[in-house]
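Trainee: Coordinates in target_19.txt, compact mmCIF, C-alpha atoms and all ligand atoms, are listed below.
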```
# COMPACT_ATOMS: atom_id res chain seq x y z
CA MET A 1 35.62 82.89 -91.18
CA SER A 2 35.96 85.60 -93.84
CA ASP A 3 38.35 85.23 -96.76
CA ALA A 4 40.20 88.34 -95.61
CA ILE A 5 41.00 86.75 -92.24
CA ASN A 6 41.94 83.47 -93.91
CA ASP A 7 44.42 85.35 -96.11
CA LEU A 8 45.80 87.23 -93.13
CA ILE A 9 46.35 84.02 -91.20
CA ASP A 10 47.99 82.40 -94.23
CA ASN A 11 50.39 85.32 -94.51
CA PHE A 12 50.95 85.31 -90.76
CA THR A 13 51.90 81.63 -90.93
CA LYS A 14 54.41 82.46 -93.66
CA GLY A 15 56.07 84.95 -91.32
CA ASN A 16 54.66 88.17 -92.77
CA ILE A 17 55.14 90.98 -90.23
CA ARG A 18 52.35 93.14 -91.67
CA ALA A 19 49.91 90.29 -91.26
CA LEU A 20 51.11 89.96 -87.67
CA ALA A 21 50.53 93.67 -87.03
CA ARG A 22 47.08 93.59 -88.58
CA LEU A 23 46.00 90.55 -86.59
CA ILE A 24 47.16 92.24 -83.38
CA SER A 25 45.13 95.33 -84.27
CA LYS A 26 42.06 93.17 -84.79
CA ILE A 27 42.55 91.63 -81.36
CA GLU A 28 43.00 95.04 -79.72
CA ASN A 29 39.97 96.47 -81.48
CA GLU A 30 37.78 93.57 -80.36
CA ASP A 31 37.05 92.66 -83.96
CA ASP A 32 34.01 90.41 -84.52
CA GLU A 33 36.31 87.68 -85.76
CA LYS A 34 38.72 87.99 -82.84
CA ASP A 35 37.71 84.72 -81.20
CA GLU A 36 37.98 82.90 -84.53
CA ILE A 37 41.48 84.29 -85.03
CA LEU A 38 42.59 83.18 -81.56
CA LYS A 39 41.07 79.74 -82.10
CA ARG A 40 43.08 79.31 -85.29
CA LEU A 41 46.33 80.43 -83.66
CA TYR A 42 45.98 78.52 -80.40
CA GLY A 43 47.53 75.31 -81.73
CA LYS A 44 50.73 77.16 -82.58
CA THR A 45 51.21 78.60 -79.09
CA GLY A 46 53.14 77.36 -76.08
CA ASN A 47 56.68 77.59 -77.41
CA ALA A 48 57.68 81.10 -76.40
CA PHE A 49 59.16 81.89 -73.04
CA VAL A 50 57.31 84.84 -71.52
CA LEU A 51 59.24 87.36 -69.43
CA GLY A 52 57.28 90.02 -67.54
CA ILE A 53 59.05 93.18 -66.40
CA THR A 54 57.45 95.53 -63.93
CA GLY A 55 58.48 98.29 -61.54
CA SER A 56 57.94 101.94 -60.72
CA PRO A 57 57.66 104.56 -63.45
CA GLY A 58 61.10 105.47 -64.73
CA ALA A 59 62.88 102.54 -63.03
CA GLY A 60 64.52 101.68 -66.33
CA LYS A 61 62.22 98.90 -67.50
CA SER A 62 62.35 99.87 -71.18
CA SER A 63 66.12 100.31 -71.00
CA LEU A 64 66.39 96.82 -69.53
CA VAL A 65 64.09 95.37 -72.19
CA ASP A 66 66.41 96.93 -74.74
CA ARG A 67 69.55 95.46 -73.17
CA ILE A 68 68.01 92.02 -72.56
CA THR A 69 66.85 91.99 -76.18
CA ALA A 70 70.38 92.82 -77.33
CA PHE A 71 71.76 89.90 -75.28
CA LEU A 72 69.11 87.49 -76.60
CA ARG A 73 69.70 88.58 -80.19
CA LYS A 74 73.42 87.83 -79.77
CA LYS A 75 72.41 84.23 -79.10
CA GLY A 76 70.16 84.30 -82.15
CA ASP A 77 66.88 84.22 -80.20
CA THR A 78 63.98 86.23 -81.62
CA VAL A 79 62.03 88.58 -79.36
CA GLY A 80 58.49 89.98 -79.39
CA ILE A 81 58.00 92.94 -77.06
CA ILE A 82 54.79 94.39 -75.65
CA ALA A 83 55.10 97.71 -73.84
CA VAL A 84 51.89 98.14 -71.84
CA ASP A 85 51.05 101.61 -70.64
CA PRO A 86 47.79 101.58 -68.71
CA THR A 87 47.82 105.37 -68.47
CA SER A 88 47.95 105.89 -72.21
CA PRO A 89 45.07 105.71 -74.67
CA PHE A 90 47.72 105.43 -77.36
CA THR A 91 48.13 102.08 -79.07
CA GLY A 92 49.67 100.75 -82.23
CA GLY A 93 53.37 101.26 -82.97
CA ALA A 94 55.88 101.90 -80.21
CA LEU A 95 55.50 104.83 -77.85
CA LEU A 96 57.87 107.61 -78.78
CA GLY A 97 60.12 107.15 -75.76
CA ASP A 98 60.31 103.41 -76.17
CA ARG A 99 60.97 103.82 -79.86
CA ILE A 100 64.00 105.95 -79.08
CA ARG A 101 65.28 103.63 -76.39
CA MET A 102 64.75 100.54 -78.53
CA GLN A 103 65.98 102.17 -81.73
CA ASP A 104 68.80 99.67 -82.14
CA HIS A 105 66.25 96.95 -82.78
CA ALA A 106 63.98 98.93 -85.08
CA LEU A 107 65.49 97.46 -88.23
CA ASP A 108 66.07 94.01 -86.81
CA LYS A 109 63.61 91.49 -88.27
CA GLY A 110 64.12 89.26 -85.24
CA VAL A 111 62.53 91.85 -82.96
CA TYR A 112 58.96 93.13 -82.95
CA ILE A 113 57.87 95.96 -80.64
CA ARG A 114 54.27 96.83 -79.92
CA SER A 115 52.76 99.31 -77.48
CA MET A 116 49.39 98.84 -75.89
CA GLY A 117 47.38 101.42 -74.04
CA THR A 118 43.94 101.36 -72.56
CA ARG A 119 40.89 102.65 -74.32
CA GLY A 120 38.47 100.74 -72.18
CA SER A 121 38.85 99.06 -68.82
CA LEU A 122 42.10 97.93 -67.25
CA GLY A 123 40.62 94.45 -67.13
CA GLY A 124 40.16 94.67 -70.88
CA LEU A 125 43.78 95.69 -71.25
CA ALA A 126 44.96 92.71 -69.20
CA ARG A 127 42.89 90.42 -71.38
CA SER A 128 44.09 91.83 -74.68
CA THR A 129 47.70 91.79 -73.46
CA LYS A 130 47.39 88.06 -72.80
CA GLU A 131 45.88 87.58 -76.23
CA VAL A 132 48.65 89.52 -77.95
CA VAL A 133 51.24 87.42 -76.08
CA LYS A 134 49.56 84.37 -77.67
CA VAL A 135 49.75 85.93 -81.12
CA LEU A 136 53.48 86.70 -80.77
CA ASP A 137 54.03 83.20 -79.41
CA ALA A 138 52.16 81.70 -82.38
CA PHE A 139 54.21 83.82 -84.79
CA GLY A 140 57.28 82.02 -83.50
CA TYR A 141 59.15 84.49 -81.30
CA ARG A 142 61.33 82.55 -78.88
CA TRP A 143 60.87 85.18 -76.22
CA VAL A 144 57.95 87.45 -75.50
CA ILE A 145 58.73 90.31 -73.15
CA VAL A 146 55.91 92.27 -71.51
CA GLU A 147 56.75 95.58 -69.83
CA THR A 148 54.26 97.31 -67.59
CA VAL A 149 54.34 99.86 -64.80
CA GLY A 150 53.61 98.18 -61.49
CA VAL A 151 51.31 100.64 -59.83
CA GLY A 152 47.98 98.90 -59.37
CA GLN A 153 46.30 95.53 -59.16
CA ALA A 154 45.25 95.48 -62.81
CA GLU A 155 48.84 96.04 -63.91
CA LEU A 156 49.98 93.27 -61.61
CA ASP A 157 47.33 91.01 -63.16
CA ILE A 158 48.96 91.61 -66.52
CA MET A 159 52.06 89.95 -65.07
CA ASN A 160 50.09 86.72 -64.71
CA VAL A 161 50.96 85.94 -68.31
CA ALA A 162 54.66 85.75 -67.50
CA ASP A 163 56.62 82.56 -66.91
CA THR A 164 59.26 84.68 -65.20
CA THR A 165 58.41 87.98 -63.55
CA MET A 166 61.21 90.46 -63.02
CA VAL A 167 60.66 93.38 -60.65
CA VAL A 168 62.89 96.40 -61.26
CA LEU A 169 63.91 98.59 -58.34
CA THR A 170 66.33 101.49 -58.21
CA PRO A 171 68.37 103.26 -55.55
CA GLY A 172 66.40 106.41 -56.35
CA ALA A 173 64.72 108.37 -53.56
CA GLY A 174 61.34 107.06 -52.53
CA ASP A 175 61.95 103.74 -54.17
CA SER A 176 62.99 101.94 -51.02
CA ILE A 177 61.06 98.72 -50.75
CA GLN A 178 58.76 99.93 -47.98
CA THR A 179 57.18 102.31 -50.44
CA ILE A 180 56.71 99.71 -53.14
CA LYS A 181 53.14 98.83 -53.85
CA ALA A 182 51.99 95.87 -51.81
CA GLY A 183 51.74 92.77 -53.93
CA ILE A 184 54.56 93.64 -56.25
CA MET A 185 57.26 92.04 -54.10
CA GLU A 186 55.33 88.78 -53.92
CA ILE A 187 55.11 88.30 -57.65
CA ALA A 188 58.87 88.64 -58.27
CA ASP A 189 60.85 85.64 -59.47
CA VAL A 190 63.87 87.86 -60.03
CA PHE A 191 64.78 91.29 -58.69
CA ALA A 192 66.85 93.68 -60.78
CA VAL A 193 68.29 96.64 -58.90
CA ASN A 194 68.83 98.95 -61.85
CA LYS A 195 70.87 102.18 -61.96
CA CYS A 196 73.54 100.60 -59.76
CA ASP A 197 75.86 103.28 -61.15
CA LEU A 198 74.05 105.58 -58.69
CA PRO A 199 74.76 105.50 -54.94
CA GLY A 200 72.56 103.40 -52.66
CA ALA A 201 72.16 100.22 -54.75
CA ASP A 202 73.69 97.99 -52.04
CA ARG A 203 71.20 99.26 -49.52
CA VAL A 204 68.30 98.31 -51.80
CA VAL A 205 69.83 94.85 -52.28
CA SER A 206 70.07 94.27 -48.54
CA GLU A 207 66.55 95.57 -47.95
CA ILE A 208 65.23 93.04 -50.48
CA SER A 209 67.29 90.24 -48.91
CA GLN A 210 65.93 91.08 -45.47
CA MET A 211 62.42 91.05 -46.80
CA LEU A 212 63.01 87.66 -48.43
CA ASP A 213 64.40 86.31 -45.14
CA LEU A 214 61.22 87.38 -43.38
CA SER A 215 58.93 86.10 -46.07
CA LYS A 216 56.66 83.40 -44.69
CA GLU A 217 56.24 81.59 -47.92
CA ILE A 218 59.06 79.11 -48.24
CA THR A 219 59.55 77.81 -51.74
CA GLU A 220 62.41 76.07 -53.50
CA TRP A 221 63.08 79.19 -55.52
CA ARG A 222 64.45 82.17 -53.67
CA PRO A 223 64.25 85.17 -56.01
CA PRO A 224 67.81 86.26 -56.84
CA VAL A 225 68.68 89.95 -56.57
CA VAL A 226 70.94 91.29 -59.32
CA LYS A 227 72.52 94.75 -59.50
CA VAL A 228 72.56 96.12 -63.03
CA SER A 229 73.17 99.28 -64.96
CA THR A 230 71.86 99.66 -68.47
CA LEU A 231 74.35 102.48 -69.05
CA ASP A 232 77.36 100.15 -69.25
CA ASP A 233 75.75 96.66 -69.10
CA ARG A 234 77.14 96.08 -65.64
CA GLY A 235 75.51 92.97 -64.18
CA MET A 236 73.82 92.03 -67.46
CA ASP A 237 75.65 88.70 -67.82
CA GLU A 238 74.54 87.73 -64.34
CA LEU A 239 70.97 88.86 -65.01
CA MET A 240 70.79 86.76 -68.17
CA GLU A 241 72.16 83.76 -66.27
CA VAL A 242 69.55 84.19 -63.56
CA LEU A 243 66.76 84.34 -66.14
CA GLU A 244 68.00 81.12 -67.73
CA LYS A 245 68.25 79.52 -64.28
CA HIS A 246 64.66 80.39 -63.49
CA ARG A 247 63.52 78.94 -66.78
CA ALA A 248 65.48 75.75 -66.07
CA TYR A 249 64.00 75.63 -62.57
CA LEU A 250 60.45 75.91 -63.94
CA ASN A 251 61.08 73.12 -66.43
CA ASP A 252 62.96 70.75 -64.11
CA SER A 253 60.63 71.13 -61.16
CA GLY A 254 57.57 70.49 -63.31
CA ASN A 255 56.23 73.85 -62.15
CA MET A 256 56.07 75.16 -65.70
CA GLU A 257 53.58 72.51 -66.67
CA VAL A 258 51.55 72.94 -63.50
CA TYR A 259 51.55 76.68 -64.00
CA ARG A 260 50.59 76.56 -67.66
CA ASP A 261 47.79 74.07 -66.98
CA GLU A 262 46.47 76.43 -64.34
CA MET A 263 46.67 79.31 -66.80
CA ALA A 264 44.78 77.34 -69.43
CA ARG A 265 41.98 76.53 -66.99
CA LYS A 266 41.84 80.12 -65.78
CA GLU A 267 41.83 81.43 -69.31
CA THR A 268 38.94 79.19 -70.29
CA LEU A 269 36.88 80.33 -67.31
CA GLU A 270 37.71 83.95 -68.13
CA ILE A 271 36.36 83.44 -71.63
CA VAL A 272 33.17 81.94 -70.17
CA ASP A 273 32.89 84.94 -67.86
CA TYR A 274 33.47 87.39 -70.66
CA ARG A 275 31.01 85.70 -73.02
CA TRP A 276 28.43 85.58 -70.26
CA GLN A 277 28.84 89.31 -69.74
CA ARG A 278 28.33 89.82 -73.44
CA ILE A 279 25.12 87.79 -73.33
CA VAL A 280 23.79 89.85 -70.43
CA ASN A 281 24.76 93.11 -72.13
CA HIS A 282 23.12 91.97 -75.32
CA GLN A 283 19.92 91.26 -73.40
CA LEU A 284 20.14 94.69 -71.82
CA ASN A 285 20.54 96.40 -75.16
CA TYR A 286 18.02 94.52 -77.22
CA GLN A 287 15.52 92.91 -74.91
CA GLY A 288 13.01 94.86 -72.90
CA HIS A 289 12.45 92.17 -70.29
CA VAL A 290 15.78 92.46 -68.50
CA ARG A 291 15.27 96.22 -68.32
CA ASP A 292 11.81 95.69 -66.90
CA ILE A 293 13.27 93.53 -64.14
CA LEU A 294 15.85 96.23 -63.37
CA ASP A 295 13.05 98.80 -63.19
CA LYS A 296 11.37 96.66 -60.53
CA VAL A 297 14.50 97.08 -58.39
CA THR A 298 14.66 100.86 -58.81
CA ASP A 299 10.90 101.07 -58.12
CA LYS A 300 11.57 99.11 -54.91
CA LYS A 301 9.15 96.41 -56.03
CA THR A 302 11.80 93.75 -55.60
CA ASP A 303 15.33 93.35 -54.20
CA PRO A 304 18.47 92.98 -56.35
CA PHE A 305 18.94 89.33 -55.39
CA THR A 306 15.47 88.27 -56.47
CA ALA A 307 15.90 90.36 -59.60
CA ALA A 308 19.25 88.69 -60.37
CA ASP A 309 17.58 85.26 -60.01
CA GLU A 310 14.89 86.37 -62.42
CA ILE A 311 17.39 87.71 -64.94
CA LEU A 312 19.48 84.54 -64.83
CA GLY A 313 16.37 82.38 -65.12
CA TYR A 314 15.11 84.44 -68.03
CA ILE A 315 18.39 84.28 -69.95
CA LEU A 316 18.89 80.56 -69.33
CA ARG A 317 15.30 79.81 -70.40
CA ASN A 318 15.82 81.85 -73.53
CA SER A 319 18.99 79.95 -74.29
CA GLY A 320 17.11 76.66 -73.97
CA LEU A 321 19.28 75.50 -71.05
CA LEU A 322 16.32 75.59 -68.69
CA ASP A 323 12.67 74.95 -69.39
CA ASN A 324 10.02 77.32 -68.11
CA SER A 325 9.80 75.64 -64.73
CA GLY A 326 13.51 76.31 -64.20
CA GLU A 327 14.42 72.64 -64.64
CA LYS A 328 17.44 71.73 -66.70
CA VAL A 329 16.48 70.33 -70.07
N1 LIG B 401 71.81 106.33 -64.19
C1 LIG B 401 71.09 105.45 -64.85
N2 LIG B 401 69.99 105.83 -65.53
C2 LIG B 401 69.27 104.91 -66.19
C3 LIG B 401 69.64 103.54 -66.18
N3 LIG B 401 68.72 102.84 -66.90
C4 LIG B 401 67.82 103.75 -67.33
N4 LIG B 401 68.14 104.99 -66.92
C5 LIG B 401 67.42 106.24 -67.19
O1 LIG B 401 66.18 106.22 -66.50
C6 LIG B 401 65.18 106.89 -67.27
C7 LIG B 401 63.97 106.02 -67.42
O2 LIG B 401 64.31 104.89 -68.18
P1 LIG B 401 63.21 103.97 -68.90
O3 LIG B 401 63.96 102.80 -69.44
O4 LIG B 401 62.39 104.76 -69.80
O5 LIG B 401 62.35 103.57 -67.65
P2 LIG B 401 60.92 102.88 -67.62
O6 LIG B 401 60.87 102.15 -66.34
O7 LIG B 401 60.70 102.10 -68.86
O8 LIG B 401 59.97 104.12 -67.62
P3 LIG B 401 58.37 104.15 -67.83
O9 LIG B 401 58.07 103.16 -68.92
O10 LIG B 401 58.11 105.55 -68.21
O11 LIG B 401 57.79 103.77 -66.52
C8 LIG B 401 65.81 107.26 -68.59
O12 LIG B 401 66.19 108.60 -68.55
C9 LIG B 401 67.02 106.34 -68.67
O13 LIG B 401 68.06 106.89 -69.41
C10 LIG B 401 70.84 103.16 -65.46
O14 LIG B 401 71.23 102.00 -65.40
N5 LIG B 401 71.49 104.16 -64.81
MG MG B 402 59.07 102.17 -70.25
```
As structure tokens, how would this structure be written, given the file I've shared?
Mentor:
Amino acid sequence: MSDAINDLIDNFTKGNIRALARLISKIENEDDEKDEILKRLYGKTGNAFVLGITGSPGAGKSSLVDRITAFLRKKGDTVGIIAVDPTSPFTGGALLGDRIRMQDHALDKGVYIRSMGTRGSLGGLARSTKEVVKVLDAFGYRWVIVETVGVGQAELDIMNVADTTMVVLTPGAGDSIQTIKAGIMEIADVFAVNKCDLPGADRVVSEISQMLDLSKEITEWRPPVVKVSTLDDRGMDELMEVLEKHRAYLNDSGNMEVYRDEMARKETLEIVDYRWQRIVNHQLNYQGHVRDILDKVTDKKTDPFTAADEILGYILRNSGLLDNSGEKV
């Protein structure tokens, strides 16, 4: 590891916010030393409670993050916030809108806000979001809140990092639960019906309850539905109570441990997957042989399955995992 990274990690460990910001940038930019950084930080992770917030565009997610943060700060808890916008190539500081909405916390040292957009694939964004959650966790934030628009599968995958997932609905037109993206209802641990200052909130609450009654999956935790308004903090005390209850449920039932073990296994396999892809891409870029095999497919000299066998065999032989006869060494 380079001296520069060593210094950064030292400063990070001392609680230096600029070191935190620079390490996050290195993760986002897929720096060569990214894996080394994450290795060094891993031992410090596992203490933060991760809250995921998702819902339609404009449902009031950022406003809720702001209010929840205010409530947590009153208790003295520190909060790291990641606002994920899969539609934006913009990364770095906070998005302008979020900056305005979360202005109250801008000077608060106990709060750190970071926006992430996508410059590559959505899958890449999901991965780097998980990694940044780890960094904020390692820095020592008690809570890490991840906000993302729930419009597609990749965005829902981002919510996999959360211990508690909150889905935000509103009484607004077109936001009735039938029109909500399939999959989003299933991932909710808590429903917040925001903008309850507007008419129609009760109808949304009863639609969600009906859906929960019909839900085939019977678990010990029935997602509570809380009406809130970020305009006057109506329902906020109840929402905070429900979040604490879900955390207590996860701990007491042992589900937290089961869930985090599952995450750790999944994460490891994802790294294997990702590294494997890098190996194949490297072969594609620098080694003629893999390209030659691909040419055989396009020339119709072989089929893609046989070609894939050949490519795998070639890479494994090159790595020394197989000898030339294809036997394991
Ligand atoms: N009436 C009413 N408006 C609200 C409430 N909460 C938020 N809003 C308004 O709804 C709009 C969207 O709020 P945001 O917090 O930016 O919503 P968001 O879900 O983060 O939006 P995106 O990140 O763009 O998807 C803003 O104009 C808010 O002022 C509420 O409780 N009642
Ligand atoms: Mg927002």
Trainee: Name the residues within 12 Å of (45.5, 96.0, -66.2), counting all atoms listed in the file in the file's coordinates, and put them as number ranges by chain.
Mentor: A: 84-88, 116-130, 147-161
Trainee: Enumerate as a PyMOL selection string the residues within 7 Å of ligand LIG 401 (chain B), counting only C-alpha atoms and all ligand atoms.
Mentor: chain A and resi 55-64+97-98+149+194-198+228-231
Trainee: From the set A:Val190, A:Gly46, A:Leu23, A:Thr302, which residue has the shortest atom-to-atom contact distance to Leu8 (chain A), counting only C-alpha atoms?
Mentor: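 Of the candidates, the smallest distance to Leu8 (chain A) is held by A:Leu23.
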Trainee: Expressed in Å to a single decimal, how great is the separation between CA of Gly76 (chain A) and CA of Tyr141 (chain A)?
Mentor: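 According to the coordinates, CA of Gly76 (chain A) and CA of Tyr141 (chain A) are separated by 11.0 Å.
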Trainee: Using CA of Leu38 (chain A) and CA of Lys109 (chain A) as the two end points, give the distance in Å to one decimal.
Mentor: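 CA of Lys109 (chain A) lies at a distance of 23.6 Å from CA of Leu38 (chain A).
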Trainee: Which residue, A:Ala83, A:Trp221, A:Arg114, A:Val226, has the smallest gap to ligand MG 402 (chain B) when you use all atoms listed in the file?
Mentor: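 The closest residue to ligand MG 402 (chain B) is A:Ala83.
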Trainee: For the point (62.9, 90.1, -57.3) in the file's frame, write as a PyMOL selection string all residues with an atom no more than 9 Å away, counting all atoms listed in the file.
Mentor: chain A and resi 165-169+185-193+208+222-226
